[in-house]
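Each remark here refers to the structure printed beneath this line.
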There are 2 protein chains.
Amino acid sequence: MLARKHPAYVIGFDYGTNSCRAVLMRPDDPTELALATFAYPSGKEGVLYDPRDVHLARQRPADYLAGVKACVASLLDQARQSIPGFDAAQVRGIAFATTGSTVIPVDAELRPLADRPEFSDNLEAMAWLWKDHTSEADAERLTQAFRDRRPDMIERCGGVYSPEWFWAKVLRLSHSDPEVFGAAAGFVELCEFLPGTLAGAKAGNVVRSACAQGHKLLYNSDWGGLPDADFLSGVDPVLRGVRESTSTLVATGDRPVGTLTPHYADLLGLSPDVAVAGGAFDAHFGAVGAGVGPGKLVKVMGTSTCDVMVSGEDARVSGICGVFRDTVLPGFFGIEAGQSAVGDLFKWLVQHLVPDSYGKTDAEKFAGLTAAAERLRPGESGLVALDWNNGNRSILVDMDINGLIVGQTLHTSAAEIFRALIEATAFGSLVIIEQIEGAGVPVEEIICCGGLAQKNPFLMQTYADITGRPIAVADSSETCAKGAAIFAAAAAGLGSVIDLQKRMVSAPRATFAPDAAAHAVYRRLYGVYRKLHDAFGRQGSADLYDVMKTLNAIRREASHG
Amino acid sequence: MLARKHPAYVIGFDYGTNSCRAVLMRPDDPTELALATFAYPSGKEGVLYDPRDVHLARQRPADYLAGVKACVASLLDQARQSIPGFDAAQVRGIAFATTGSTVIPVDAELRPLADRPEFSDNLEAMAWLWKDHTSEADAERLTQAFRDRRPDMIERCGGVYSPEWFWAKVLRLSHSDPEVFGAAAGFVELCEFLPGTLAGAKAGNVVRSACAQGHKLLYNSDWGGLPDADFLSGVDPVLRGVRESTSTLVATGDRPVGTLTPHYADLLGLSPDVAVAGGAFDAHFGAVGAGVGPGKLVKVMGTSTCDVMVSGEDARVSGICGVFRDTVLPGFFGIEAGQSAVGDLFKWLVQHLVPDSYGKTDAEKFAGLTAAAERLRPGESGLVALDWNNGNRSILVDMDINGLIVGQTLHTSAAEIFRALIEATAFGSLVIIEQIEGAGVPVEEIICCGGLAQKNPFLMQTYADITGRPIAVADSSETCAKGAAIFAAAAAGLGSVIDLQKRMVSAPRATFAPDAAAHAVYRRLYGVYRKLHDAFGRQGSADLYDVMKTLNAIRREASHG
């Protein structure tokens with residue numbers, strides 16, 4: 001690689017559920033020059049669980065800062081070895097994509113309460129990870145209150161306030177541990193905590209993420225920012241104080257929230273002039289890193305799946321996580337939806353219900369299942385599943401529902417169930433797509449990213465066959481970190497997000513075209529899925545007598561076909 | 001044991017799905033003096049399958065006769081060694097309990113067509129095992145025709161003619177293999193073939209089993225025997241000939257159909273004076289061997305389950321396999337119902353969906369699952385299943401329906417599913433009990449027999465808790481063979497069935513009382529089961545929105561309780 005004169009470099013971070021990853025890039029090239037990974041050391045694969053409550057999922061905030069240091073050190077080491085003339089002073093920007101709502105109780109200095117000795121073993125003082133579902137009842141209270149008194153607000157996020165989101169988590173903490181709640185000067189999203197900490201912000205002036213504030217706190221300029229204090233204190237008086245403690249500084253990721261403090265510049269070995277970009281959720285930066293644009297839906301596929309789109313026009317999409325201005329690409333409305341369990345659903349099967357004849361390790365079982373599932377024809381298993389083992393994020397927005405499998409015979413195999421679960425996630429994705437299109441936003445192409453998408457061509461072909469749309473697989477393994485790098489470059493003044501996206505995102509590594517014959521069978525199976533979806537997920541009555549008979553008819557045709 | 005002067009002995013046979021068993025008994029004692037077993041040598045565990053059609057299950061008729069010879073030889077050997085002064089000439093009667101409808105195409109000499117070289121590899125010429133479901137479409141034709149033109153007949157067997165039954169199987173054969181069909185002089189049930197062959201009958205004069213004829217061929221004195229020729233030829237002209245070829249000699253098991261031919265007396269080493277009793281289905285003889293009587297439901301639990309009761313009064317029970325006079329205990333109406341998969345359902349899970357962490361062999365996995373399932377509280381898994389992986393024999397009588405599991409989370413274990421399947425079979429049993437009681441026949445006590453009942457106290461306790469009734473487990477492991485021995489003694493003139501039953505059936509080996517707290521939880525879960533049962537099994541609409549929410553509420557209470 002040729003060393004240019006005064007080349008600029010940027011660092012993009014992606015904080016996931018079990019680890020964080022970082023990439024080093026230049027603002028004019030899709031190459032990821034260096035990649036670093038840090039596995040959170042606490043809990044089980046980085047997550048703290050409570051055996052008495054399956055809904056609880058927390059993280060230790062100290063793991064996050066350890067990750068910044070370890071990853072930057074690794075990136076700089078790699079760059080010095082592989083890039084002639086590389087100098088750490090050439091790094092110009094840094095940005096963070098993170099999970100969310102992942103909410104951290106902090107003191108006035110923006111230090112996590114969990115760092116204090118008295119709270120170091122208290123799960124309530126930890127970061128409340130996105131997938132923590134302990135706030136179900138609080139979310140229901142919020143949903144009801146919004147519907148009764150601020151319907152315009154709740155309509156923006158699909159009509160239901162999720163237990164995964166900020167207000168529900170904070171409300172839950174106020175009664176689950178009043179001591180921790182009382183000791184907190186404020187509550188921040190992880191994507192605000194990291195840039196704020198590196199730039200030396202306090203709890204009172206930390207810059208809030210437009211993405212997090214819009215999608216999770218229902219911040220909107222239409223109603224002057226956060227939901228009003230009267231409304232929040234009507235839900236619960238404690239929320240008035242939380243609102244007051246929440247800084248009104250809100251910025252998109254292309255703006256710097258500041259530069260590195262001398263402490264962090266020294267600790268990381270970077271210049272104190274490095275621009276620290278406003279943070280955002282992984283899927284939002286990831287969508288930009290994968291090439292999101294009008295008509296192009298990006299699916300960030302991992303343990304769960306996040307769907308991100310942009311629209312030039314405002315749109316109201318019921319049951320969707322939200323439609324908010326500037327949260328994905330500046331100048332567009334960002335649309336976000338999601339599925340609560342995708343990779344996690346397959347992992348559940350592999351870890352709980354697969355005999356060793358498929359393989360000894362989880363990876364071998366996954367490969368064995370895939371090979372066997374691939375040999376089946378659409379409809380041949382006679383199975384249809386609902387992919388709700390971890391609830392339904394879109395479009396039902398209901399955590400109080402569960403998985404279902406129908407159509408088993410005495411010959412049904414683990415591979416057939418595996419295929420049915422894959423198909424169920426694709427059917428769930430199609431429900432979301434139809435919901436978005438129903439609101440007038442066409443979905444012409446799907447770009448998938450994340451490890452699950454890249455490693456599993458069978459999964460991608462199934463998604464193409466079921467959705468009836470071409471599926472492109474993003475070339476980068478780290479689209480979220482790459483998206484963060486694009487915003488790091490924008491925050492450092494190296495270009496606009498749109499221009500940087502054109503230069504820093506590469507062509508798809510593969511494209512899957514839908515098979516017309518498979519799609520025809522899947523349309524019939526989707527009819528069954530949709531019937532079950534509405535029967536178990538929505539109020540009202542349904543006639544399900546034909547479900548098993550339809551599945552059997554399709555199975556017989558597929559077996560003889 | 002004291003040798004009496006001229007003691008009498010009898011032999012009872014039980015022909016099951018994978019093997020036949022035989023017992024040697026005296027007519028005045030519950031002791032099984034000798035027990036012999038013969039595993040059918042053909043196919044997979046005695047069953048011939050077709051990989052292209054999961055509904056097909058056949059057996060090689062030659063295996064049946066090999067079983068008679070091997071078992072009698074073994075019984076006589078054992079008796080000579082353990083009973084002082086035993087003489088084979090003291091054996092006075094022999095009787096056969098078998099599966100059914102298990103239908104064999106035979107020539108005029110009552111020889112199976114499968115014995116001929118030209119048909120020896122033809123699955124269509126074999127015995128059509130009870131669980132063969134290839135006749136679904138033919139059964140539907142019969143059901144429709146009965147409903148349209150002979151509703152009184154079909155009402156006797158619950159309103160639906162099953163693909164497991166005689167007329168459906170023969171009708172199917174007439175078009176699936178016209179050559180085999182044309183070569184047959186007649187079609188006999190296995191429980192008619194064995195006594196007939198040993199007593200030297202021909203196809204034209206073989207004595208028919210009252211039990212098989214009543215329950216499967218709809219023979220009834222109310223309408224003068226078999227369904228009339230006009231009706232049958234209206235369904236399909238070929239059935240008129242089948243009807244004409246079916247002997248009109250019908251007898252109950254307490255009557256001899258004849259004595260052993262010199263050939264079989266010589267082959268078996270028995271006296272040619274041995275009375276050969278009329279045969280019956282395993283569950284019918286088994287119910288007598290287990291102690292069936294008014295108010296006492298006997299469940300013969302194996303791969304599938306057969307429920308047998310008697311009633312002093314005639315009763316019409318919709319969805320039940322049948323209510324026919326004299327088919328169980330002479331002088332009573334016999335009531336038969338059944339569940340298509342019980343042991344087979346657990347075996348399916350063990351063989352397809354259980355990781356080796358539960359054990360390496362099927363037996364170890366079964367034990368590991370049972371131990372883990374036993375530790376759960378009722379409702380704790382949040383799961384409810386429909387036990388229809390092999391269709392529903394009672395009370396829906398529908399083979400075109402399948403299994404269902406609802407309530408899965410990302411933590412659902414194989415042991416939880418195992419428990420849910422056990423519970424599902426008990427809920428299915430309760431549906432049958434409520435149907436029988438709804439027709440005015442009280443079910444006060446349940447007697448379970450079969451290996452599944454004896455080896456699994458957890459299963460029995462679950463049945464007691466779910467049905468809310470005491471469960472007695474029969475002492476004998478071979479109640480069907482024992483019941484056959486009772487009928488062998490009756491046919492040999494050694495007493496009436498009622499008196500012999502009192503002397504030859506022993507007290508239960510264990511009794512399980514229902515737990516009131518568990519029963520209360522199960523009543524709620526039964527409500528969910530029943531809702532799913534009716535929604536997927538019956539026409540009409542249902543509101544299922546509360547299903548998952550109810551299961552989650554019960555799960556939360558059980559987890560914290």
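Letters A, B, ... mark the chains of the structure tokens in the order given; residue numbers begin at 1 per chain; ligand numbers begin at 1, in order shown.
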
Kindly provide the residues of chain B that approach chain A to within 6 Å, each paired with its closest atom pair and their distance in Å to one decimal, based on only C-alpha atoms, listed by chain and increasing number, as a tab-separated table.
```
residue	atom	partner	partner_atom	distance
B:Trp348	CA	A:Leu410	CA	5.6
B:His352	CA	A:Ser413	CA	5.6
B:Leu353	CA	A:Leu353	CA	4.6
B:Val354	CA	A:Pro355	CA	5.2
B:Pro355	CA	A:Pro355	CA	4.0
B:Asp356	CA	A:Asp356	CA	5.9
B:Asn389	CA	A:Thr409	CA	4.0
B:Asn390	CA	A:Thr409	CA	5.9
B:Ile401	CA	A:Met548	CA	5.3
B:Asn402	CA	A:Gly407	CA	4.9
B:Gly403	CA	A:Gln408	CA	4.6
B:Leu404	CA	A:Val406	CA	4.2
B:Ile405	CA	A:Ile405	CA	5.3
B:Val406	CA	A:Leu404	CA	4.2
B:Gly407	CA	A:Asn402	CA	4.9
B:Gln408	CA	A:Gly403	CA	4.5
B:Thr409	CA	A:Asn389	CA	4.0
B:Leu410	CA	A:Asn389	CA	5.4
B:Ser413	CA	A:His352	CA	5.6
B:Ala414	CA	A:Leu353	CA	5.9
B:Ala535	CA	A:Leu544	CA	5.8
B:Phe536	CA	A:Tyr545	CA	4.6
B:Gly537	CA	A:Tyr545	CA	5.9
B:Arg538	CA	A:Tyr545	CA	5.7
B:Gln539	CA	A:Tyr545	CA	5.3
B:Gly540	CA	A:Asp543	CA	5.7
B:Ser541	CA	A:Asp543	CA	4.1
B:Ala542	CA	A:Ser541	CA	5.0
B:Asp543	CA	A:Ser541	CA	4.1
B:Leu544	CA	A:Phe536	CA	5.4
B:Tyr545	CA	A:Phe536	CA	4.6
B:Met548	CA	A:Ile401	CA	5.4
```

Saved selection, atoms kept: C-alpha atoms, as a short mmCIF file (atom, residue, chain, number, x, y, z; two decimals), in the first residue's frame:
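The file below, part-v9.cif, is the result:
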```cif
data_model
loop_
_atom_site.label_atom_id
_atom_site.label_comp_id
_atom_site.auth_asym_id
_atom_site.auth_seq_id
_atom_site.Cartn_x
_atom_site.Cartn_y
_atom_site.Cartn_z
CA TRP B 348 -39.86 -39.47 18.84
CA HIS B 352 -34.79 -36.85 17.35
CA LEU B 353 -34.47 -33.91 19.73
CA VAL B 354 -32.44 -34.83 22.80
CA PRO B 355 -28.75 -33.95 23.12
CA ASP B 356 -26.35 -36.52 24.51
CA ASN B 389 -47.88 -36.27 15.91
CA ASN B 390 -49.61 -39.45 14.70
CA ILE B 401 -53.69 -33.32 11.86
CA ASN B 402 -50.32 -32.99 13.55
CA GLY B 403 -48.40 -32.03 16.64
CA LEU B 404 -48.04 -28.55 18.07
CA ILE B 405 -45.96 -27.03 20.85
CA VAL B 406 -46.53 -23.52 22.13
CA GLY B 407 -44.84 -21.40 24.79
CA GLN B 408 -41.14 -21.83 23.98
CA THR B 409 -38.60 -19.27 25.21
CA LEU B 410 -34.87 -19.14 24.52
CA SER B 413 -35.11 -27.41 27.50
CA ALA B 414 -35.65 -30.91 26.11
CA ALA B 535 -59.23 -24.50 17.46
CA PHE B 536 -57.00 -26.78 15.39
CA GLY B 537 -59.18 -29.91 15.50
CA ARG B 538 -62.65 -28.57 14.82
CA GLN B 539 -64.28 -26.24 12.39
CA GLY B 540 -65.24 -22.82 13.69
CA SER B 541 -63.41 -19.83 15.02
CA ALA B 542 -61.59 -19.30 18.29
CA ASP B 543 -59.94 -16.44 20.13
CA LEU B 544 -56.40 -17.57 20.92
CA TYR B 545 -54.92 -14.19 21.87
CA MET B 548 -49.53 -17.36 25.34
#
```

How would you write, as a PyMOL selection string, the set of residues in range 307-484 of chain A that DSSP gives as strand (DSSP E or B)? chain A and resi 307-311+322-325+333-339+384-386+389+391-392+398+403-408+445-449+471-473

List the spatial neighbours of range 274-287 of chain B as a ChimeraX atom specification - criterion: any atom at most 8 Å away, only C-alpha atoms, same-chain residues fewer than 6 positions off excluded. /B:14-16,91-100,191-192,194-195,198-199,207-212,251-260,298-300,306-309,327-328,478-484,487-488,491-492

Proximity to Thr134 in chain A - best of A:Glu336, A:Asp326, A:Asp152, A:Asp50, only C-alpha atoms: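 Using only C-alpha atoms, the shortest distance to Thr134 in chain A belongs to A:Asp50.
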
For Lys216 in chain B, find every residue with an atom within 10 Å (counting only C-alpha atoms), except residues of its own chain fewer than 5 positions away, and show them as a ChimeraX atom specification. /B:100-101,157,161-162,164-168,189,210-211,321-322

Rounded to one decimal place, report the CA of Val10 in chain A-CA of Leu35 in chain A distance in Å.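 Separating CA of Val10 in chain A from CA of Leu35 in chain A is a distance of 12.2 Å.
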
Mind checking DSSP for range 63-231 of chain A and telling me the alpha helix (DSSP H) residues as number ranges by chain? A: 63-82, 136-149, 151-156, 166-176, 178-183, 190-198, 210-216, 229-231

Identify which of the residues A:Gly343, A:Pro237, A:Gly67, A:Gly527 lies closest to Lys455 in chain A, counting only C-alpha atoms when measuring atom-to-atom distances.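 Residue with the minimum atom-to-atom distance to Lys455 in chain A: A:Gly343.
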
Ranking A:Gly379, A:Gly269, A:Gly468, A:Gly234 by minimum distance to Glu557 in chain A and counting only C-alpha atoms, which one comes first? A:Gly379

CA of Leu267 in chain B and CA of Gln59 in chain B, how far apart in Å?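 Between CA of Gln59 in chain B and CA of Leu267 in chain B the gap is 23.0 Å.
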
Within 8 Å of Ala464 in chain A, counting only C-alpha atoms, which residues show up once you throw out same-chain ones fewer than 3 positions away? Write them as a list in words, please.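 Surrounding residues, per the criterion: Met460, Gln461, Thr467, Gly468, Arg469, Pro470, Ile471, Phe512, Ala513, Pro514 and Asp515 of chain A.
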
Take the residues just selected and output them with all heavy atoms as a PDB file, in the first residue's frame.
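Everything below was put into selection04.pdb:
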```
ATOM      1  N   MET A 460     -29.488 -17.026   3.482  1.00  0.00           N
ATOM      2  CA  MET A 460     -29.730 -15.896   2.570  1.00  0.00           C
ATOM      3  C   MET A 460     -30.643 -16.298   1.408  1.00  0.00           C
ATOM      4  O   MET A 460     -31.529 -15.545   1.017  1.00  0.00           O
ATOM      5  CB  MET A 460     -28.391 -15.369   2.033  1.00  0.00           C
ATOM      6  CG  MET A 460     -27.529 -14.708   3.083  1.00  0.00           C
ATOM      7  SD  MET A 460     -28.311 -13.234   3.829  1.00  0.00           S
ATOM      8  CE  MET A 460     -29.134 -13.944   5.239  1.00  0.00           C
ATOM      9  N   GLN A 461     -30.407 -17.491   0.866  1.00  0.00           N
ATOM     10  CA  GLN A 461     -31.262 -17.950  -0.232  1.00  0.00           C
ATOM     11  C   GLN A 461     -32.714 -18.101   0.255  1.00  0.00           C
ATOM     12  O   GLN A 461     -33.669 -17.748  -0.456  1.00  0.00           O
ATOM     13  CB  GLN A 461     -30.754 -19.293  -0.784  1.00  0.00           C
ATOM     14  CG  GLN A 461     -31.509 -19.749  -2.016  1.00  0.00           C
ATOM     15  CD  GLN A 461     -31.381 -18.758  -3.174  1.00  0.00           C
ATOM     16  OE1 GLN A 461     -30.274 -18.370  -3.569  1.00  0.00           O
ATOM     17  NE2 GLN A 461     -32.501 -18.295  -3.711  1.00  0.00           N
ATOM     18  N   THR A 467     -38.966 -13.711   0.840  1.00  0.00           N
ATOM     19  CA  THR A 467     -39.370 -12.308   0.658  1.00  0.00           C
ATOM     20  C   THR A 467     -39.651 -11.996  -0.810  1.00  0.00           C
ATOM     21  O   THR A 467     -40.301 -10.995  -1.116  1.00  0.00           O
ATOM     22  CB  THR A 467     -38.275 -11.335   1.150  1.00  0.00           C
ATOM     23  OG1 THR A 467     -37.083 -11.556   0.375  1.00  0.00           O
ATOM     24  CG2 THR A 467     -37.979 -11.539   2.623  1.00  0.00           C
ATOM     25  N   GLY A 468     -39.120 -12.832  -1.719  1.00  0.00           N
ATOM     26  CA  GLY A 468     -39.303 -12.569  -3.146  1.00  0.00           C
ATOM     27  C   GLY A 468     -38.517 -11.358  -3.617  1.00  0.00           C
ATOM     28  O   GLY A 468     -38.875 -10.726  -4.614  1.00  0.00           O
ATOM     29  N   ARG A 469     -37.444 -11.039  -2.894  1.00  0.00           N
ATOM     30  CA  ARG A 469     -36.629  -9.878  -3.247  1.00  0.00           C
ATOM     31  C   ARG A 469     -35.157 -10.276  -3.285  1.00  0.00           C
ATOM     32  O   ARG A 469     -34.750 -11.177  -2.538  1.00  0.00           O
ATOM     33  CB  ARG A 469     -36.812  -8.776  -2.198  1.00  0.00           C
ATOM     34  CG  ARG A 469     -38.172  -8.086  -2.279  1.00  0.00           C
ATOM     35  CD  ARG A 469     -38.456  -7.298  -1.020  1.00  0.00           C
ATOM     36  NE  ARG A 469     -39.689  -6.510  -1.150  1.00  0.00           N
ATOM     37  CZ  ARG A 469     -40.914  -6.995  -0.968  1.00  0.00           C
ATOM     38  NH1 ARG A 469     -41.088  -8.278  -0.651  1.00  0.00           N
ATOM     39  NH2 ARG A 469     -41.977  -6.218  -1.093  1.00  0.00           N
ATOM     40  N   PRO A 470     -34.348  -9.623  -4.135  1.00  0.00           N
ATOM     41  CA  PRO A 470     -32.922  -9.961  -4.142  1.00  0.00           C
ATOM     42  C   PRO A 470     -32.262  -9.582  -2.808  1.00  0.00           C
ATOM     43  O   PRO A 470     -32.578  -8.549  -2.222  1.00  0.00           O
ATOM     44  CB  PRO A 470     -32.355  -9.120  -5.295  1.00  0.00           C
ATOM     45  CG  PRO A 470     -33.350  -8.037  -5.520  1.00  0.00           C
ATOM     46  CD  PRO A 470     -34.686  -8.573  -5.108  1.00  0.00           C
ATOM     47  N   ILE A 471     -31.378 -10.434  -2.365  1.00  0.00           N
ATOM     48  CA  ILE A 471     -30.661 -10.197  -1.106  1.00  0.00           C
ATOM     49  C   ILE A 471     -29.185 -10.000  -1.436  1.00  0.00           C
ATOM     50  O   ILE A 471     -28.551 -10.884  -2.027  1.00  0.00           O
ATOM     51  CB  ILE A 471     -30.764 -11.414  -0.163  1.00  0.00           C
ATOM     52  CG1 ILE A 471     -32.225 -11.813   0.079  1.00  0.00           C
ATOM     53  CG2 ILE A 471     -30.004 -11.155   1.127  1.00  0.00           C
ATOM     54  CD1 ILE A 471     -32.899 -11.157   1.234  1.00  0.00           C
ATOM     55  N   PHE A 512     -28.215 -12.907  -3.782  1.00  0.00           N
ATOM     56  CA  PHE A 512     -29.075 -14.089  -3.923  1.00  0.00           C
ATOM     57  C   PHE A 512     -30.392 -13.667  -4.570  1.00  0.00           C
ATOM     58  O   PHE A 512     -31.073 -12.784  -4.050  1.00  0.00           O
ATOM     59  CB  PHE A 512     -29.342 -14.726  -2.560  1.00  0.00           C
ATOM     60  CG  PHE A 512     -28.090 -15.258  -1.921  1.00  0.00           C
ATOM     61  CD1 PHE A 512     -27.257 -14.415  -1.177  1.00  0.00           C
ATOM     62  CD2 PHE A 512     -27.730 -16.594  -2.072  1.00  0.00           C
ATOM     63  CE1 PHE A 512     -26.085 -14.897  -0.605  1.00  0.00           C
ATOM     64  CE2 PHE A 512     -26.568 -17.082  -1.500  1.00  0.00           C
ATOM     65  CZ  PHE A 512     -25.738 -16.234  -0.766  1.00  0.00           C
ATOM     66  N   ALA A 513     -30.707 -14.295  -5.705  1.00  0.00           N
ATOM     67  CA  ALA A 513     -31.958 -13.986  -6.406  1.00  0.00           C
ATOM     68  C   ALA A 513     -33.032 -14.967  -5.952  1.00  0.00           C
ATOM     69  O   ALA A 513     -32.748 -16.149  -5.740  1.00  0.00           O
ATOM     70  CB  ALA A 513     -31.740 -14.107  -7.910  1.00  0.00           C
ATOM     71  N   PRO A 514     -34.267 -14.499  -5.791  1.00  0.00           N
ATOM     72  CA  PRO A 514     -35.327 -15.428  -5.370  1.00  0.00           C
ATOM     73  C   PRO A 514     -35.629 -16.467  -6.449  1.00  0.00           C
ATOM     74  O   PRO A 514     -35.615 -16.148  -7.632  1.00  0.00           O
ATOM     75  CB  PRO A 514     -36.538 -14.516  -5.148  1.00  0.00           C
ATOM     76  CG  PRO A 514     -36.202 -13.203  -5.736  1.00  0.00           C
ATOM     77  CD  PRO A 514     -34.727 -13.114  -5.928  1.00  0.00           C
ATOM     78  N   ASP A 515     -35.880 -17.696  -6.009  1.00  0.00           N
ATOM     79  CA  ASP A 515     -36.293 -18.771  -6.910  1.00  0.00           C
ATOM     80  C   ASP A 515     -37.823 -18.750  -6.998  1.00  0.00           C
ATOM     81  O   ASP A 515     -38.522 -18.829  -5.981  1.00  0.00           O
ATOM     82  CB  ASP A 515     -35.805 -20.108  -6.345  1.00  0.00           C
ATOM     83  CG  ASP A 515     -36.271 -21.294  -7.168  1.00  0.00           C
ATOM     84  OD1 ASP A 515     -35.552 -21.651  -8.102  1.00  0.00           O
ATOM     85  OD2 ASP A 515     -37.352 -21.842  -6.865  1.00  0.00           O
TER      86      ASP A 515
END
```

Rank B:Ile466, B:Ala57, B:Cys71, B:Ala137 by their smallest atom-to-atom distance to Arg524 in chain B, using only C-alpha atoms, and report the top residue only.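 Checking each of B:Ile466, B:Ala57, B:Cys71, B:Ala137 against Arg524 in chain B, counting only C-alpha atoms, the winner is B:Ile466.
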
Point out the residue among A:Phe38, A:Tyr522, A:Tyr9, A:Tyr529 with the least atom-to-atom distance to Arg555 in chain A, counting only C-alpha atoms. A:Tyr522

I'd like the neighbourhood of Gly495 in chain B as a short mmCIF file (atom, residue, chain, number, x, y, z; two decimals) with N, CA, C and O atoms, in the first residue's frame, where a residue qualifies if any of its atoms comes within 12 Å (using only C-alpha atoms), though same-chain residues fewer than 4 positions away should be ignored.
```cif
data_model
loop_
_atom_site.label_atom_id
_atom_site.label_comp_id
_atom_site.auth_asym_id
_atom_site.auth_seq_id
_atom_site.Cartn_x
_atom_site.Cartn_y
_atom_site.Cartn_z
N ALA B 8 -55.09 -78.16 35.10
CA ALA B 8 -55.26 -77.67 33.74
C ALA B 8 -54.37 -76.43 33.55
O ALA B 8 -54.15 -75.66 34.48
N ARG B 26 -52.56 -71.17 35.12
CA ARG B 26 -53.64 -72.08 35.52
C ARG B 26 -54.91 -71.26 35.68
O ARG B 26 -54.86 -70.06 35.96
N PRO B 27 -56.09 -71.87 35.54
CA PRO B 27 -57.34 -71.09 35.56
C PRO B 27 -57.77 -70.64 36.94
O PRO B 27 -58.84 -70.05 37.09
N ASP B 28 -56.96 -70.90 37.98
CA ASP B 28 -57.39 -70.58 39.34
C ASP B 28 -56.35 -69.77 40.09
O ASP B 28 -56.35 -69.73 41.31
N ASP B 254 -64.76 -66.11 24.32
CA ASP B 254 -64.99 -67.18 25.30
C ASP B 254 -65.49 -68.45 24.64
O ASP B 254 -65.76 -69.44 25.32
N ARG B 255 -65.68 -68.41 23.32
CA ARG B 255 -66.12 -69.60 22.59
C ARG B 255 -64.96 -70.17 21.79
O ARG B 255 -64.22 -69.41 21.17
N ILE B 486 -57.25 -65.93 30.09
CA ILE B 486 -58.59 -66.04 30.70
C ILE B 486 -59.60 -66.54 29.67
O ILE B 486 -60.41 -67.43 29.95
N PHE B 487 -59.52 -65.99 28.45
CA PHE B 487 -60.46 -66.42 27.41
C PHE B 487 -60.13 -67.84 26.92
O PHE B 487 -61.04 -68.61 26.58
N ALA B 488 -58.85 -68.19 26.93
CA ALA B 488 -58.47 -69.57 26.58
C ALA B 488 -59.11 -70.54 27.57
O ALA B 488 -59.63 -71.61 27.19
N ALA B 489 -59.09 -70.18 28.86
CA ALA B 489 -59.69 -71.03 29.89
C ALA B 489 -61.21 -71.12 29.70
O ALA B 489 -61.81 -72.20 29.84
N ALA B 490 -61.83 -69.96 29.38
CA ALA B 490 -63.28 -69.96 29.17
C ALA B 490 -63.65 -70.83 27.97
O ALA B 490 -64.59 -71.63 28.02
N ALA B 491 -62.85 -70.69 26.88
CA ALA B 491 -63.14 -71.47 25.67
C ALA B 491 -62.96 -72.97 25.93
O ALA B 491 -63.62 -73.81 25.32
N ASP B 499 -65.92 -65.12 36.34
CA ASP B 499 -65.33 -65.88 37.44
C ASP B 499 -63.83 -66.06 37.26
O ASP B 499 -63.05 -65.92 38.20
N LEU B 500 -63.43 -66.39 36.05
CA LEU B 500 -62.00 -66.58 35.78
C LEU B 500 -61.23 -65.29 36.01
O LEU B 500 -60.11 -65.30 36.53
N GLN B 501 -61.84 -64.15 35.63
CA GLN B 501 -61.18 -62.84 35.84
C GLN B 501 -60.88 -62.63 37.32
O GLN B 501 -59.80 -62.17 37.69
N LYS B 502 -61.86 -62.98 38.19
CA LYS B 502 -61.67 -62.81 39.65
C LYS B 502 -60.49 -63.63 40.14
O LYS B 502 -59.75 -63.20 41.02
N ARG B 503 -60.32 -64.82 39.60
CA ARG B 503 -59.27 -65.72 40.09
C ARG B 503 -57.90 -65.44 39.46
O ARG B 503 -56.87 -65.67 40.07
N MET B 504 -57.90 -64.97 38.23
CA MET B 504 -56.63 -64.90 37.49
C MET B 504 -56.00 -63.49 37.46
O MET B 504 -54.87 -63.32 37.00
#
```

Report, in Å to a single decimal, how far apart CA of Ser496 in chain A and CA of Gly331 in chain A are. 11.3 Å
